[in-house]
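S.K.: Data file model.txt (compact mmCIF, C-alpha atoms) is appended below.
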```txt
# COMPACT_ATOMS: atom_id res chain seq x y z
CA MET G 215 0.00 0.00 0.00
CA GLU G 216 1.13 3.56 -0.70
CA THR G 217 1.14 4.32 3.04
CA ALA G 218 3.63 1.53 3.84
CA GLY G 219 6.77 2.80 5.53
CA LYS G 220 5.24 6.22 6.19
CA VAL G 221 3.72 7.86 9.25
CA ILE G 222 -0.09 7.78 9.05
CA LYS G 223 -2.21 10.57 10.51
CA CYS G 224 -5.58 9.33 11.72
CA LYS G 225 -8.22 9.74 14.41
CA ALA G 226 -7.90 8.04 17.80
CA ALA G 227 -9.85 8.21 21.05
CA VAL G 228 -7.27 9.35 23.58
CA ALA G 229 -7.63 8.95 27.34
CA TRP G 230 -5.71 11.93 28.70
CA GLU G 231 -6.32 11.00 32.32
CA ALA G 232 -8.05 8.36 34.41
CA GLY G 233 -11.84 8.37 34.34
CA LYS G 234 -12.20 11.40 32.02
CA PRO G 235 -14.19 11.04 28.75
CA LEU G 236 -12.09 10.01 25.77
CA SER G 237 -11.17 12.74 23.31
CA ILE G 238 -11.07 12.18 19.54
CA GLU G 239 -7.68 13.50 18.41
CA GLU G 240 -5.51 13.38 15.32
CA VAL G 241 -2.57 11.13 16.11
CA GLU G 242 0.50 10.08 14.17
CA VAL G 243 1.01 6.33 13.85
CA ALA G 244 4.57 5.30 13.02
CA PRO G 245 5.29 2.44 10.61
CA PRO G 246 5.69 -1.06 12.06
CA GLN G 247 9.19 -2.11 13.10
CA ALA G 248 10.64 -5.65 13.02
CA MET G 249 8.02 -8.33 13.82
CA GLU G 250 5.26 -5.70 13.99
CA VAL G 251 2.20 -5.01 11.86
CA ARG G 252 0.12 -1.90 11.30
CA VAL G 253 -3.61 -2.59 11.19
CA LYS G 254 -6.51 -0.51 9.92
CA ILE G 255 -9.23 -1.04 12.54
CA LEU G 256 -12.74 -1.24 11.09
CA TYR G 257 -14.74 -2.24 14.17
CA THR G 258 -13.94 -2.34 17.85
CA SER G 259 -15.97 -2.92 21.00
CA LEU G 260 -15.75 -1.99 24.64
CA CYS G 261 -14.83 -4.58 27.27
CA HIS G 262 -14.84 -4.25 31.09
CA THR G 263 -11.04 -4.49 31.07
CA ASP G 264 -10.82 -1.22 29.12
CA VAL G 265 -13.11 0.48 31.63
CA TYR G 266 -11.25 -0.94 34.64
CA PHE G 267 -7.88 0.44 33.49
CA TRP G 268 -9.40 3.67 32.18
CA GLU G 269 -10.68 4.29 35.73
CA ALA G 270 -7.49 3.05 37.42
CA LYS G 271 -5.05 5.61 38.75
CA THR G 272 -2.06 4.17 36.89
CA PRO G 273 0.80 6.37 35.67
CA VAL G 274 0.36 5.21 32.05
CA PHE G 275 -1.51 8.19 30.54
CA PRO G 276 -2.20 9.59 27.97
CA ARG G 277 -3.24 6.28 26.51
CA ILE G 278 -5.24 4.70 23.69
CA PHE G 279 -7.42 1.89 25.02
CA GLY G 280 -9.29 -0.83 23.15
CA HIS G 281 -8.53 -4.51 22.58
CA GLU G 282 -11.64 -6.21 21.12
CA ALA G 283 -11.57 -5.47 17.41
CA GLY G 284 -11.40 -6.53 13.79
CA GLY G 285 -9.29 -5.01 11.06
CA ILE G 286 -7.14 -5.38 7.97
CA ILE G 287 -3.34 -5.45 7.80
CA GLU G 288 -2.10 -2.20 6.20
CA SER G 289 1.63 -2.94 6.28
CA VAL G 290 4.12 -5.27 7.94
CA GLY G 291 7.56 -4.79 9.46
CA GLU G 292 10.77 -6.65 8.80
CA GLY G 293 10.68 -10.40 9.44
CA VAL G 294 6.89 -10.75 9.29
CA THR G 295 5.90 -13.73 7.14
CA ASP G 296 2.67 -15.05 8.72
CA VAL G 297 0.47 -12.18 7.54
CA ALA G 298 0.48 -9.76 4.62
CA PRO G 299 -1.21 -6.47 3.72
CA GLY G 300 -4.90 -7.05 3.05
CA ASP G 301 -5.28 -9.96 5.49
CA HIS G 302 -8.25 -9.81 7.84
CA VAL G 303 -7.21 -10.11 11.49
CA LEU G 304 -8.44 -10.02 15.07
CA PRO G 305 -6.07 -8.19 17.46
CA VAL G 306 -5.58 -10.06 20.75
CA PHE G 307 -4.56 -8.65 24.15
CA THR G 308 -2.31 -11.66 24.73
CA GLY G 309 -0.05 -13.23 22.16
CA GLU G 310 1.51 -16.35 20.74
CA CYS G 311 5.17 -16.09 19.76
CA LYS G 312 5.19 -19.80 18.76
CA GLU G 313 8.74 -20.18 20.12
CA CYS G 314 8.61 -20.19 23.95
CA PRO G 315 7.95 -23.26 26.14
CA HIS G 316 4.33 -22.18 26.69
CA CYS G 317 3.66 -21.79 22.96
CA LYS G 318 5.30 -25.14 22.22
CA SER G 319 3.20 -26.85 24.90
CA ALA G 320 -0.17 -28.22 23.80
CA GLU G 321 -1.44 -27.47 27.31
CA SER G 322 -0.75 -23.74 27.62
CA ASN G 323 -1.59 -20.44 25.93
CA MET G 324 0.40 -18.24 28.32
CA CYS G 325 3.15 -17.03 25.99
CA ASP G 326 6.31 -15.92 27.81
CA LEU G 327 7.00 -13.08 25.37
CA LEU G 328 3.54 -11.69 24.69
CA ARG G 329 1.43 -12.56 27.72
CA ILE G 330 -0.91 -9.73 28.72
CA ASN G 331 0.87 -6.82 30.39
CA THR G 332 -1.45 -4.00 31.49
CA ASP G 333 1.38 -1.78 32.79
CA ARG G 334 3.43 -1.61 29.60
CA GLY G 335 2.54 1.30 27.34
CA VAL G 336 5.24 0.78 24.68
CA MET G 337 6.26 -1.80 22.08
CA ILE G 338 8.45 -4.64 23.35
CA GLY G 339 10.88 -4.39 20.42
CA ASP G 340 12.39 -1.00 21.21
CA GLY G 341 10.50 0.24 24.28
CA LYS G 342 8.89 3.10 22.36
CA SER G 343 5.32 4.05 21.48
CA ARG G 344 4.17 4.08 17.85
CA PHE G 345 1.56 6.79 18.64
CA SER G 346 2.31 10.47 19.05
CA ILE G 347 0.69 13.90 18.99
CA ASN G 348 3.01 16.81 18.13
CA GLY G 349 6.00 14.59 18.85
CA LYS G 350 4.81 13.59 22.34
CA PRO G 351 4.16 9.86 22.89
CA ILE G 352 0.67 8.48 23.50
CA TYR G 353 0.88 5.11 25.23
CA HIS G 354 -0.39 1.72 24.09
CA PHE G 355 -2.73 -0.58 26.02
CA VAL G 356 -2.22 -4.39 26.24
CA GLY G 357 -0.35 -4.27 22.94
CA THR G 358 -3.48 -3.54 20.88
CA SER G 359 -4.88 0.03 21.30
CA THR G 360 -7.81 -0.49 18.95
CA PHE G 361 -9.57 2.82 19.73
CA SER G 362 -7.60 4.24 16.82
CA GLU G 363 -8.22 4.07 13.07
CA TYR G 364 -4.72 2.59 12.72
CA THR G 365 -2.69 0.76 15.35
CA VAL G 366 0.63 -1.09 15.53
CA MET G 367 0.95 -4.51 17.16
CA HIS G 368 3.43 -7.33 17.50
CA VAL G 369 2.66 -9.92 14.82
CA GLY G 370 2.16 -12.50 17.59
CA CYS G 371 -0.90 -10.56 18.78
CA VAL G 372 -2.94 -10.79 15.59
CA ALA G 373 -4.98 -13.80 14.48
CA LYS G 374 -5.45 -14.12 10.71
CA ILE G 375 -9.05 -15.11 10.00
CA ASN G 376 -11.35 -16.06 7.14
CA PRO G 377 -11.80 -12.91 4.98
CA GLU G 378 -15.45 -13.88 4.42
CA ALA G 379 -16.21 -13.47 8.15
CA PRO G 380 -18.03 -10.16 8.87
CA LEU G 381 -15.65 -8.11 11.01
CA ASP G 382 -18.54 -6.17 12.58
CA LYS G 383 -19.65 -9.46 14.19
CA VAL G 384 -16.52 -11.55 14.80
CA CYS G 385 -14.58 -8.62 16.29
CA ILE G 386 -16.13 -9.49 19.67
CA LEU G 387 -14.47 -12.92 19.57
CA SER G 388 -11.04 -11.40 20.27
CA CYS G 389 -11.55 -11.20 24.06
CA GLY G 390 -14.55 -11.77 26.35
CA ILE G 391 -16.70 -14.07 24.26
CA SER G 392 -13.84 -16.47 23.51
CA THR G 393 -12.81 -16.36 27.18
CA GLY G 394 -16.20 -17.63 28.37
CA LEU G 395 -16.78 -19.99 25.46
CA GLY G 396 -13.37 -21.63 25.85
CA ALA G 397 -13.70 -21.89 29.64
CA THR G 398 -16.63 -24.24 29.07
CA ILE G 399 -15.68 -26.04 25.85
CA ASN G 400 -11.91 -26.37 26.40
CA VAL G 401 -11.59 -26.55 30.18
CA ALA G 402 -14.84 -27.65 31.86
CA LYS G 403 -15.64 -29.97 28.92
CA PRO G 404 -19.19 -30.85 29.97
CA PRO G 405 -20.36 -34.23 28.65
CA LYS G 406 -23.52 -34.24 26.53
CA GLY G 407 -26.57 -34.26 28.80
CA SER G 408 -24.72 -32.87 31.83
CA THR G 409 -25.72 -30.16 34.28
CA VAL G 410 -23.74 -26.90 34.25
CA ALA G 411 -23.90 -23.90 36.61
CA ILE G 412 -22.72 -20.50 35.35
CA PHE G 413 -21.85 -17.92 38.03
CA GLY G 414 -22.24 -14.37 36.69
CA LEU G 415 -24.32 -13.59 33.60
CA GLY G 416 -22.33 -10.74 32.08
CA ALA G 417 -20.80 -11.10 28.61
CA VAL G 418 -18.24 -13.72 29.69
CA GLY G 419 -20.81 -15.73 31.66
CA LEU G 420 -23.27 -15.69 28.76
CA ALA G 421 -20.48 -16.92 26.49
CA ALA G 422 -19.78 -19.72 28.99
CA ALA G 423 -23.49 -20.61 28.86
CA GLU G 424 -23.31 -20.59 25.04
CA GLY G 425 -20.40 -23.03 25.32
CA ALA G 426 -22.51 -25.33 27.51
CA ARG G 427 -25.35 -25.10 24.97
CA ILE G 428 -23.00 -26.04 22.12
CA ALA G 429 -21.62 -28.94 24.20
CA GLY G 430 -25.15 -30.32 24.65
CA ALA G 431 -25.68 -29.74 28.38
CA SER G 432 -29.22 -30.69 29.44
CA ARG G 433 -29.49 -28.15 32.27
CA ILE G 434 -27.70 -24.79 32.37
CA ILE G 435 -28.30 -22.98 35.64
CA GLY G 436 -27.49 -19.26 35.71
CA VAL G 437 -26.49 -17.81 39.08
CA ASP G 438 -26.61 -14.02 39.42
CA LEU G 439 -27.62 -11.37 41.96
CA ASN G 440 -29.32 -9.36 39.19
CA PRO G 441 -32.61 -11.03 38.15
CA SER G 442 -33.02 -8.64 35.20
CA ARG G 443 -30.31 -10.66 33.44
CA PHE G 444 -32.27 -13.91 33.54
CA GLU G 445 -34.56 -13.36 30.55
CA GLU G 446 -31.64 -12.41 28.28
CA ALA G 447 -29.69 -15.46 29.45
CA ARG G 448 -32.36 -17.82 28.08
CA LYS G 449 -31.16 -16.89 24.58
CA PHE G 450 -27.76 -18.36 25.52
CA GLY G 451 -29.11 -21.70 26.68
CA CYS G 452 -29.81 -21.04 30.36
CA THR G 453 -32.71 -23.25 31.48
CA GLU G 454 -32.96 -22.24 35.15
CA PHE G 455 -31.86 -19.42 37.43
CA VAL G 456 -30.79 -18.96 41.01
CA ASN G 457 -30.55 -15.59 42.74
CA PRO G 458 -28.55 -16.18 45.95
CA LYS G 459 -30.51 -13.32 47.59
CA ASP G 460 -33.70 -15.40 47.34
CA HIS G 461 -32.34 -18.07 49.68
CA ASN G 462 -31.37 -18.17 53.34
CA LYS G 463 -28.85 -20.98 52.83
CA PRO G 464 -25.56 -21.09 50.91
CA VAL G 465 -26.04 -21.16 47.15
CA GLN G 466 -23.89 -24.29 46.85
CA GLN G 467 -26.46 -26.07 49.04
CA VAL G 468 -29.33 -24.76 46.91
CA LEU G 469 -27.64 -26.06 43.77
CA ALA G 470 -26.84 -29.44 45.35
CA GLU G 471 -30.51 -29.85 46.29
CA MET G 472 -31.63 -28.90 42.76
CA THR G 473 -29.28 -31.40 41.13
CA ASN G 474 -29.27 -34.48 43.35
CA GLY G 475 -25.91 -33.81 44.96
CA GLY G 476 -24.29 -31.13 42.80
CA VAL G 477 -23.78 -29.96 39.25
CA ASP G 478 -21.45 -31.82 36.88
CA ARG G 479 -19.62 -28.66 35.87
CA SER G 480 -19.51 -25.05 37.04
CA VAL G 481 -17.93 -21.97 35.45
CA GLU G 482 -17.30 -18.88 37.59
CA CYS G 483 -17.26 -15.57 35.69
CA THR G 484 -17.51 -12.87 38.37
CA GLY G 485 -14.11 -12.61 40.05
CA ASN G 486 -15.88 -12.49 43.41
CA ILE G 487 -13.98 -14.76 45.79
CA ASN G 488 -17.15 -16.02 47.47
CA ALA G 489 -18.65 -16.95 44.11
CA MET G 490 -15.42 -18.79 43.29
CA ILE G 491 -15.69 -20.87 46.46
CA GLN G 492 -19.39 -21.50 45.85
CA ALA G 493 -18.71 -22.58 42.26
CA PHE G 494 -16.23 -25.17 43.50
CA GLU G 495 -18.29 -26.43 46.41
CA CYS G 496 -21.46 -26.85 44.29
CA VAL G 497 -19.99 -29.48 41.95
CA HIS G 498 -20.81 -33.16 42.47
CA ASP G 499 -18.30 -35.32 44.32
CA GLY G 500 -16.64 -38.05 42.26
CA TRP G 501 -16.62 -36.21 38.93
CA GLY G 502 -17.51 -32.54 39.36
CA VAL G 503 -15.25 -29.92 37.74
CA ALA G 504 -15.26 -26.19 38.57
CA VAL G 505 -13.51 -23.64 36.33
CA LEU G 506 -12.51 -20.17 37.54
CA VAL G 507 -12.53 -17.40 34.91
CA GLY G 508 -13.10 -14.15 36.83
CA VAL G 509 -10.10 -12.17 38.08
CA PRO G 510 -10.22 -11.75 41.88
CA HIS G 511 -9.07 -8.88 44.07
CA LYS G 512 -5.29 -9.04 44.57
CA ASP G 513 -5.66 -9.80 48.30
CA ALA G 514 -8.38 -12.44 47.91
CA GLU G 515 -7.80 -15.90 49.36
CA PHE G 516 -9.58 -19.07 48.28
CA LYS G 517 -10.60 -21.12 51.33
CA THR G 518 -12.31 -24.50 51.24
CA HIS G 519 -12.00 -27.76 53.15
CA PRO G 520 -9.42 -30.17 51.70
CA MET G 521 -12.02 -32.96 51.85
CA ASN G 522 -13.74 -31.25 48.92
CA PHE G 523 -10.71 -32.23 46.83
CA LEU G 524 -10.26 -35.65 48.41
CA ASN G 525 -13.88 -36.42 47.51
CA GLU G 526 -12.80 -36.10 43.87
CA ARG G 527 -13.92 -32.63 42.95
CA THR G 528 -11.63 -30.84 40.51
CA LEU G 529 -10.80 -27.12 40.49
CA LYS G 530 -9.30 -25.52 37.38
CA GLY G 531 -8.39 -22.03 36.26
CA THR G 532 -8.27 -20.64 32.76
CA PHE G 533 -6.83 -17.69 30.87
CA PHE G 534 -8.51 -16.57 27.63
CA GLY G 535 -10.49 -19.82 27.52
CA ASN G 536 -7.25 -21.79 26.96
CA TYR G 537 -7.23 -20.60 23.33
CA LYS G 538 -3.87 -19.97 21.66
CA PRO G 539 -4.60 -16.68 19.85
CA ARG G 540 -3.06 -17.28 16.43
CA THR G 541 -3.63 -21.03 16.30
CA ASP G 542 -7.14 -21.31 17.74
CA LEU G 543 -9.06 -18.05 17.14
CA PRO G 544 -9.44 -18.71 13.40
CA ASN G 545 -11.26 -21.93 14.36
CA VAL G 546 -13.60 -20.04 16.72
CA VAL G 547 -14.46 -17.75 13.79
CA GLU G 548 -15.22 -20.87 11.73
CA LEU G 549 -17.62 -22.06 14.46
CA TYR G 550 -19.55 -18.86 13.76
CA MET G 551 -19.30 -19.27 9.99
CA LYS G 552 -20.74 -22.80 10.32
CA LYS G 553 -23.60 -21.34 12.40
CA GLU G 554 -22.67 -23.46 15.42
CA LEU G 555 -21.77 -20.39 17.49
CA GLU G 556 -24.28 -17.54 17.56
CA VAL G 557 -22.52 -14.19 17.82
CA GLU G 558 -25.21 -11.66 16.88
CA LYS G 559 -27.12 -12.09 20.14
CA PHE G 560 -24.11 -10.74 22.09
CA ILE G 561 -24.24 -7.46 20.13
CA THR G 562 -26.88 -5.19 21.64
CA HIS G 563 -25.69 -1.72 20.64
CA SER G 564 -23.70 0.05 17.92
CA VAL G 565 -22.28 3.60 17.83
CA PRO G 566 -20.07 5.59 15.43
CA PHE G 567 -16.47 6.22 16.55
CA ALA G 568 -17.25 9.90 17.24
CA GLU G 569 -19.69 8.75 19.94
CA ILE G 570 -17.38 6.23 21.64
CA ASN G 571 -18.10 7.73 25.07
CA LYS G 572 -21.71 6.49 24.68
CA ALA G 573 -20.35 2.93 24.83
CA PHE G 574 -18.75 3.77 28.21
CA ASP G 575 -22.07 5.23 29.41
CA LEU G 576 -23.97 2.09 28.38
CA MET G 577 -21.52 -0.13 30.25
CA ALA G 578 -21.66 2.10 33.34
CA LYS G 579 -25.47 1.68 33.37
CA GLY G 580 -25.16 -2.08 32.85
CA GLU G 581 -27.15 -1.85 29.62
CA GLY G 582 -26.69 -4.48 26.93
CA ILE G 583 -23.88 -6.97 26.44
CA ARG G 584 -21.54 -5.68 23.73
CA CYS G 585 -21.52 -2.32 21.92
CA ILE G 586 -19.84 -2.24 18.50
CA ILE G 587 -17.94 0.95 17.69
CA ARG G 588 -17.89 1.64 13.95
CA MET G 589 -14.67 3.37 12.93
CA GLU G 590 -15.87 4.70 9.59
CA ASN G 591 -19.44 5.95 10.09
```
Spit out the file's structure as structure tokens when you get a sec.
M.R.:
Amino acid sequence: METAGKVIKCKAAVAWEAGKPLSIEEVEVAPPQAMEVRVKILYTSLCHTDVYFWEAKTPVFPRIFGHEAGGIIESVGEGVTDVAPGDHVLPVFTGECKECPHCKSAESNMCDLLRINTDRGVMIGDGKSRFSINGKPIYHFVGTSTFSEYTVMHVGCVAKINPEAPLDKVCILSCGISTGLGATINVAKPPKGSTVAIFGLGAVGLAAAEGARIAGASRIIGVDLNPSRFEEARKFGCTEFVNPKDHNKPVQQVLAEMTNGGVDRSVECTGNINAMIQAFECVHDGWGVAVLVGVPHKDAEFKTHPMNFLNERTLKGTFFGNYKPRTDLPNVVELYMKKELEVEKFITHSVPFAEINKAFDLMAKGEGIRCIIRMEN
């Protein structure tokens, strides 16, 4: 492309300081360096992780947030062979270098080189930002920074996907939806006909329920303190609901009584330490498996009686649904293309890039699941 090797001027939503509305600015985006790619972002969406770090009083400002997106490779840096200009890609907040012990292991997706780093605001190659305004650097976020018409990423953080896949739909597969879906399909692995409890019915929890639906679970029990989420969750396969506030006994006891001794699988998507303990203690002895997805408070401690393990309950954790970004995300997109995974029902709102702050307002009010931000109109 004629822009290759040159600085591109484009619009980006810049967070100048924590918690203040984003400001649409003209930024300069430098060309990609070795093992980097520059991507034209067509669609992006807002995830809770963006909001959490936008509100956080970290020193890494000004910053361009955004990590759930879909775009097209504009140009590539030296040494890049896996993708080429024109390829359709999903940026991913964590990467896959394909060389480290984690990447070479069939059991891990936690790349040593490109694992998520929320504190780093620069590229790992040279420790510099590719964004600037009037020569002053604007910092990156989790290696993606998709709230910009163009962004630069390490090649290990982009998944090349089927060019037929509509980017305005599959863009949401690059973070939360795949996290919940993979937690169920790849980690909990519920047998056909099994009973699954999902703790927390936000976007990730609904994706976990969708995974249980795809796996053929016979009962999918949604557990949430907000009953207004229950009707929506039926679309994702939930068959029953439990609001812990409606009961005067522990929710794990309620679930055990509903399921003749406990659920076969549970997936915890809140990050609340009590919900994590409940999700483990509600699975059936002998074969029950609980999977933790939510990120807890840094000082949280998981406490349960060791007999819960000795009675053959299994506790697992997962990161990004155990998907390797470059290897596995293209297959998740194909699940959608084959109409096995329903993506449209996750998308409840859409706004033009100029109105990106509306997406933050919707999330603050707890309205909808995912809001697509259209970069071009």
S.K.: So, with all atoms listed in the file as the atoms that count, which of G:Val306, G:Cys452, G:Ile375, G:Ala298 lies closest to Ser359 (chain G)?
M.R.: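 Closest to Ser359 (chain G), using all atoms listed in the file: G:Val306.
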S.K.: From the options G:Asp478, G:Asp382, G:Glu250, G:Glu269, which residue's atoms come nearest to Ile338 (chain G), counting all atoms listed in the file?
M.R.: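 Using all atoms listed in the file, Ile338 (chain G) sits closest to G:Glu250.
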S.K.: So which residues touch Phe534 (chain G) within 9 Å, counting all atoms listed in the file, skipping near sequence neighbours fewer than 5 positions away, as a compact mmCIF listing (two decimals) with C-alpha atoms, in the coordinates of the input?
M.R.:
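Final file, around-v8.txt:
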```txt
# COMPACT_ATOMS: atom_id res chain seq x y z
CA THR G 308 -2.31 -11.66 24.73
CA ASN G 323 -1.59 -20.44 25.93
CA CYS G 389 -11.55 -11.20 24.06
CA GLY G 390 -14.55 -11.77 26.35
CA SER G 392 -13.84 -16.47 23.51
CA THR G 393 -12.81 -16.36 27.18
CA GLY G 394 -16.20 -17.63 28.37
CA GLY G 396 -13.37 -21.63 25.85
CA ALA G 397 -13.70 -21.89 29.64
CA VAL G 507 -12.53 -17.40 34.91
CA PRO G 539 -4.60 -16.68 19.85
```
S.K.: Kindly indicate which residue among G:Pro299, G:Pro235, G:Gly425, G:Gly357 lies nearest to Thr217 (chain G), using all atoms listed in the file for the distances.
M.R.: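 Selected residue with least distance to Thr217 (chain G): G:Pro299.
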S.K.: Just give me the gap between CA of Val303 (chain G) and CA of Phe361 (chain G) in Å, one decimal is fine.
M.R.: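 Atom-to-atom, CA of Val303 (chain G) and CA of Phe361 (chain G) are spaced 15.5 Å apart.
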S.K.: So how far away is CA of Val265 (chain G) from CA of Gln492 (chain G), in Å?
M.R.: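 Calculated distance between CA of Gln492 (chain G) and CA of Val265 (chain G) is 26.9 Å.
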S.K.: Give as number ranges by chain each residue that has an atom at most 9 Å from (0.0, -7.1, 8.3) in the file, counting all atoms listed in the file.
M.R.: G: 250-253, 286-291, 294-303, 369, 372
S.K.: Quick one: contact table of region 411-476 of chain G to region 566-585 of chain G, 10 Å max, nearest atom pair and distance in Å to one decimal per residue, counting all atoms listed in the file, chain and number order, as a tab-separated table?
M.R.:
```
residue	atom	partner	partner_atom	distance
G:Leu415	CA	G:Ile583	CA	9.8
G:Gly416	CA	G:Ile583	CA	7.0
G:Ala417	CA	G:Ile583	CA	5.6
G:Val418	CA	G:Ile583	CA	9.4
G:Leu420	CA	G:Ile583	CA	9.0
G:Arg443	CA	G:Gly582	CA	9.7
G:Glu446	CA	G:Gly582	CA	9.4
```
S.K.: Closest to Arg527 (chain G) among G:Cys371, G:Leu304, G:Val505, G:Val366, using all atoms listed in the file?
M.R.: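 That would be G:Val505, the residue with the smallest distance to Arg527 (chain G).
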S.K.: When you draw a straight line from CA of Ala447 (chain G) to CA of Ser564 (chain G), how long is it in Å?
M.R.: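 Going from CA of Ala447 (chain G) over to CA of Ser564 (chain G), I get 20.2 Å.
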S.K.: With distances taken over all atoms listed in the file, which residue among G:Gly508, G:Gly339, G:Pro273, G:Gly280 lies nearest Phe307 (chain G)?
M.R.: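 For Phe307 (chain G), the nearest of the candidates is G:Gly280.
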S.K.: Skipping near chain neighbours, those fewer than 4 positions away, what residues fall within 10 Å of Val410 (chain G) using only C-alpha atoms, listed as a VMD selection string?
M.R.: chain G and resid 398 402 404 to 405 422 to 423 426 to 427 431 to 436 452 473 476 to 481 497 502 to 504
S.K.: Include C-alpha atoms and write out the residues we just selected as a CSV table (one decimal), in the coordinates of the input.
M.R.:
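Okay, this is what ended up in selection37.csv:
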```csv
chain,number,residue,atom,x,y,z
G,398,THR,CA,-16.6,-24.2,29.1
G,402,ALA,CA,-14.8,-27.6,31.9
G,404,PRO,CA,-19.2,-30.8,30.0
G,405,PRO,CA,-20.4,-34.2,28.6
G,422,ALA,CA,-19.8,-19.7,29.0
G,423,ALA,CA,-23.5,-20.6,28.9
G,426,ALA,CA,-22.5,-25.3,27.5
G,427,ARG,CA,-25.4,-25.1,25.0
G,431,ALA,CA,-25.7,-29.7,28.4
G,432,SER,CA,-29.2,-30.7,29.4
G,433,ARG,CA,-29.5,-28.2,32.3
G,434,ILE,CA,-27.7,-24.8,32.4
G,435,ILE,CA,-28.3,-23.0,35.6
G,436,GLY,CA,-27.5,-19.3,35.7
G,452,CYS,CA,-29.8,-21.0,30.4
G,473,THR,CA,-29.3,-31.4,41.1
G,476,GLY,CA,-24.3,-31.1,42.8
G,477,VAL,CA,-23.8,-30.0,39.2
G,478,ASP,CA,-21.4,-31.8,36.9
G,479,ARG,CA,-19.6,-28.7,35.9
G,480,SER,CA,-19.5,-25.0,37.0
G,481,VAL,CA,-17.9,-22.0,35.4
G,497,VAL,CA,-20.0,-29.5,42.0
G,502,GLY,CA,-17.5,-32.5,39.4
G,503,VAL,CA,-15.2,-29.9,37.7
G,504,ALA,CA,-15.3,-26.2,38.6
```
S.K.: Considering all atoms listed in the file, return as a PyMOL selection string whatever protein or nucleic-acid residues lie within 10 Å of Glu313 (chain G), sequence-local ones (same chain, fewer than 4 positions apart) excluded.
M.R.: chain G and resi 317-319+325-327
S.K.: Identify which of the residues G:Arg329, G:Leu387, G:Val509, G:Gly451 lies closest to Thr263 (chain G), counting all atoms listed in the file when measuring atom-to-atom distances.
M.R.: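 Ranking G:Arg329, G:Leu387, G:Val509, G:Gly451 by distance to Thr263 (chain G), first place goes to G:Val509.
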S.K.: Given 6 Å of margin on each side, can you work out the centre and size in Å (one decimal) of an axis-aligned box holding every listed atom of region 515-523 of chain G, as JSON?
M.R.:
```
{"center_x": -10.8, "center_y": -24.4, "center_z": 50.0, "size_x": 17.9, "size_y": 29.1, "size_z": 18.3}
```
S.K.: Excluding Val336 (chain G) and residues on its chain fewer than 5 positions from it, collect all residues at most 8 Å away from it, counting all atoms listed in the file, and give them as a PyMOL selection string.
M.R.: chain G and resi 341-344+353-354+357
S.K.: Find the residues around Ile352 (chain G) up to 10 Å (only C-alpha atoms counted), leave out those fewer than 6 positions away in its own chain, and share them as a list of chain:residue names.
M.R.: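 My list of contacting residues is G:Val228, G:Ala229, G:Trp230, G:Val241, G:Glu242, G:Val243, G:Val274, G:Phe275, G:Pro276, G:Arg277, G:Ile278, G:Gly335, G:Val336, G:Lys342, G:Ser343, G:Arg344, G:Phe345, G:Ser346.
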